[in-house]
file my_file-v8.pdb (PDB, C-alpha atoms)
ATOM      1  CA  MET E   1    -182.925  36.236 202.890  1.00  0.00           C
ATOM      2  CA  VAL E   2    -185.328  35.761 205.795  1.00  0.00           C
ATOM      3  CA  THR E   3    -188.835  34.456 205.256  1.00  0.00           C
ATOM      4  CA  THR E   4    -191.623  34.796 207.749  1.00  0.00           C
ATOM      5  CA  SER E   5    -194.671  32.616 208.015  1.00  0.00           C
ATOM      6  CA  LEU E   6    -198.105  34.210 208.203  1.00  0.00           C
ATOM      7  CA  ALA E   7    -199.742  30.967 209.292  1.00  0.00           C
ATOM      8  CA  PRO E   8    -199.938  30.367 213.052  1.00  0.00           C
ATOM      9  CA  ASN E   9    -197.449  27.988 214.577  1.00  0.00           C
ATOM     10  CA  SER E  10    -198.954  24.777 215.972  1.00  0.00           C
ATOM     11  CA  ALA E  11    -197.012  25.400 219.195  1.00  0.00           C
ATOM     12  CA  ASP E  12    -198.793  28.759 219.577  1.00  0.00           C
ATOM     13  CA  ASP E  13    -202.284  27.431 218.906  1.00  0.00           C
ATOM     14  CA  PRO E  14    -202.843  23.660 219.076  1.00  0.00           C
ATOM     15  CA  LEU E  15    -206.320  23.984 217.516  1.00  0.00           C
ATOM     16  CA  ALA E  16    -205.105  26.023 214.537  1.00  0.00           C
ATOM     17  CA  TYR E  17    -205.317  23.200 212.028  1.00  0.00           C
ATOM     18  CA  ARG E  18    -207.546  20.714 213.852  1.00  0.00           C
ATOM     19  CA  PRO E  19    -211.190  20.756 212.755  1.00  0.00           C
ATOM     20  CA  VAL E  20    -213.590  20.928 215.707  1.00  0.00           C
ATOM     21  CA  ALA E  21    -217.173  19.741 215.407  1.00  0.00           C
ATOM     22  CA  LEU E  22    -219.889  22.004 216.742  1.00  0.00           C
ATOM     23  CA  VAL E  23    -221.076  19.239 219.084  1.00  0.00           C
ATOM     24  CA  ASP E  24    -217.596  18.955 220.629  1.00  0.00           C
ATOM     25  CA  LEU E  25    -217.392  22.713 221.094  1.00  0.00           C
ATOM     26  CA  LEU E  26    -220.838  22.859 222.715  1.00  0.00           C
ATOM     27  CA  ASP E  27    -219.968  19.944 224.996  1.00  0.00           C
ATOM     28  CA  ARG E  28    -216.792  21.700 226.177  1.00  0.00           C
ATOM     29  CA  VAL E  29    -218.606  25.012 226.769  1.00  0.00           C
ATOM     30  CA  LEU E  30    -221.408  23.378 228.754  1.00  0.00           C
ATOM     31  CA  ALA E  31    -218.995  21.237 230.791  1.00  0.00           C
ATOM     32  CA  THR E  32    -216.850  24.180 231.902  1.00  0.00           C
ATOM     33  CA  GLY E  33    -219.189  27.144 231.471  1.00  0.00           C
ATOM     34  CA  VAL E  34    -218.653  30.498 229.825  1.00  0.00           C
ATOM     35  CA  VAL E  35    -219.581  34.059 230.752  1.00  0.00           C
ATOM     36  CA  ILE E  36    -220.674  36.426 227.992  1.00  0.00           C
ATOM     37  CA  SER E  37    -220.728  40.123 228.798  1.00  0.00           C
ATOM     38  CA  GLY E  38    -221.104  43.319 226.843  1.00  0.00           C
ATOM     39  CA  ASP E  39    -222.153  46.941 227.056  1.00  0.00           C
ATOM     40  CA  ILE E  40    -224.320  48.847 224.594  1.00  0.00           C
ATOM     41  CA  THR E  41    -224.585  52.619 224.695  1.00  0.00           C
ATOM     42  CA  LEU E  42    -227.035  54.593 222.558  1.00  0.00           C
ATOM     43  CA  ALA E  43    -225.819  58.134 222.095  1.00  0.00           C
ATOM     44  CA  ILE E  44    -226.851  61.101 219.967  1.00  0.00           C
ATOM     45  CA  ALA E  45    -224.490  64.069 219.509  1.00  0.00           C
ATOM     46  CA  ASP E  46    -222.098  62.656 222.136  1.00  0.00           C
ATOM     47  CA  ILE E  47    -224.877  62.537 224.750  1.00  0.00           C
ATOM     48  CA  ASP E  48    -225.450  59.080 226.233  1.00  0.00           C
ATOM     49  CA  LEU E  49    -229.169  58.341 226.214  1.00  0.00           C
ATOM     50  CA  VAL E  50    -229.348  54.636 227.056  1.00  0.00           C
ATOM     51  CA  ARG E  51    -226.753  52.273 228.456  1.00  0.00           C
ATOM     52  CA  ILE E  52    -227.391  48.537 228.661  1.00  0.00           C
ATOM     53  CA  SER E  53    -225.068  46.082 230.395  1.00  0.00           C
ATOM     54  CA  LEU E  54    -225.511  42.465 229.365  1.00  0.00           C
ATOM     55  CA  ARG E  55    -224.133  39.483 231.239  1.00  0.00           C
ATOM     56  CA  ALA E  56    -225.009  35.853 230.653  1.00  0.00           C
ATOM     57  CA  LEU E  57    -223.712  32.625 232.133  1.00  0.00           C
ATOM     58  CA  VAL E  58    -223.942  29.575 229.884  1.00  0.00           C
ATOM     59  CA  ALA E  59    -223.223  26.258 231.607  1.00  0.00           C
ATOM     60  CA  SER E  60    -224.818  22.937 232.381  1.00  0.00           C
ATOM     61  CA  VAL E  61    -226.317  22.285 235.799  1.00  0.00           C
ATOM     62  CA  GLY E  62    -223.631  19.683 236.505  1.00  0.00           C
ATOM     63  CA  ALA E  63    -220.903  22.268 235.981  1.00  0.00           C
ATOM     64  CA  LEU E  64    -222.484  24.661 238.488  1.00  0.00           C
ATOM     65  CA  THR E  65    -223.206  22.249 241.339  1.00  0.00           C
ATOM     66  CA  PRO E  66    -220.380  21.339 243.695  1.00  0.00           C
ATOM     67  CA  PRO E  67    -219.353  17.683 243.705  1.00  0.00           C
ATOM     68  CA  GLU E  68    -220.749  15.512 246.508  1.00  0.00           C
ATOM     69  CA  LEU E  69    -218.348  14.422 249.191  1.00  0.00           C
ATOM     70  CA  PRO E  70    -218.064  10.697 249.894  1.00  0.00           C
ATOM     71  CA  GLY E  71    -220.302   9.618 252.760  1.00  0.00           C
ATOM     72  CA  GLU E  72    -222.541  12.667 252.460  1.00  0.00           C
ATOM     73  CA  VAL E  73    -226.259  11.920 252.242  1.00  0.00           C
ATOM     74  CA  GLY E  74    -228.303  14.479 250.342  1.00  0.00           C
TER      75      GLY E  74
END

call {"tool": "encode", "arguments": {"input": "my_file-v8.pdb", "output": "structure tokens"}}
result
Amino acid sequence: MVTTSLAPNSADDPLAYRPVALVDLLDRVLATGVVISGDITLAIADIDLVRISLRALVASVGALTPPELPGEVG
């Protein structure tokens, strides 16, 4: 008899059973940045009336600026 596990394996997903605080998640997103994109289409009777493309970049200023090189005066 073979049994299969429905729960994710910790090797597959290291965060599967580790609780993550919202502050930690927000800190990681702002440190690395994330791009959110989506498309919305309003159609009636299979005729596209309005199409909206949404794109947003969420990051901290420090994540977007290149690091200073040593000896560079700015």

call {"tool": "atom_distance", "arguments": {"input": "my_file-v8.pdb", "atom1": "atom CA of Ile40 of chain E", "atom2": "atom CA of Leu54 of chain E"}}
result
8.1 Å

call {"tool": "atom_distance", "arguments": {"input": "my_file-v8.pdb", "atom1": "atom CA of Val34 of chain E", "atom2": "atom CA of Ala59 of chain E"}}
result
6.5 Å

call {"tool": "closest_residue", "arguments": {"input": "my_file-v8.pdb", "among": "E:Leu22, E:Ile44, E:Ile36, E:Leu69", "to": "Leu57 of chain E", "atoms": "only C-alpha atoms"}}
result
E:Ile36

call {"tool": "closest_residue", "arguments": {"input": "my_file-v8.pdb", "among": "E:Arg28, E:Pro19, E:Leu42, E:Ile47", "to": "Ser60 of chain E", "atoms": "all atoms listed in the file"}}
result
E:Arg28

call {"tool": "atom_distance", "arguments": {"input": "my_file-v8.pdb", "atom1": "atom CA of Val29 of chain E", "atom2": "atom CA of Arg51 of chain E"}}
result
28.5 Å

call {"tool": "closest_residue", "arguments": {"input": "my_file-v8.pdb", "among": "E:Gly62, E:Ala56, E:Ala43, E:Val50", "to": "Leu30 of chain E", "atoms": "only C-alpha atoms"}}
result
E:Gly62

call {"tool": "closest_residue", "arguments": {"input": "my_file-v8.pdb", "among": "E:Glu68, E:Asp48, E:Val61, E:Val20", "to": "Thr32 of chain E", "atoms": "only C-alpha atoms"}}
result
E:Val61

call {"tool": "closest_residue", "arguments": {"input": "my_file-v8.pdb", "among": "E:Asp39, E:Ile52, E:Val58, E:Ala45", "to": "Asp27 of chain E", "atoms": "all atoms listed in the file"}}
result
E:Val58
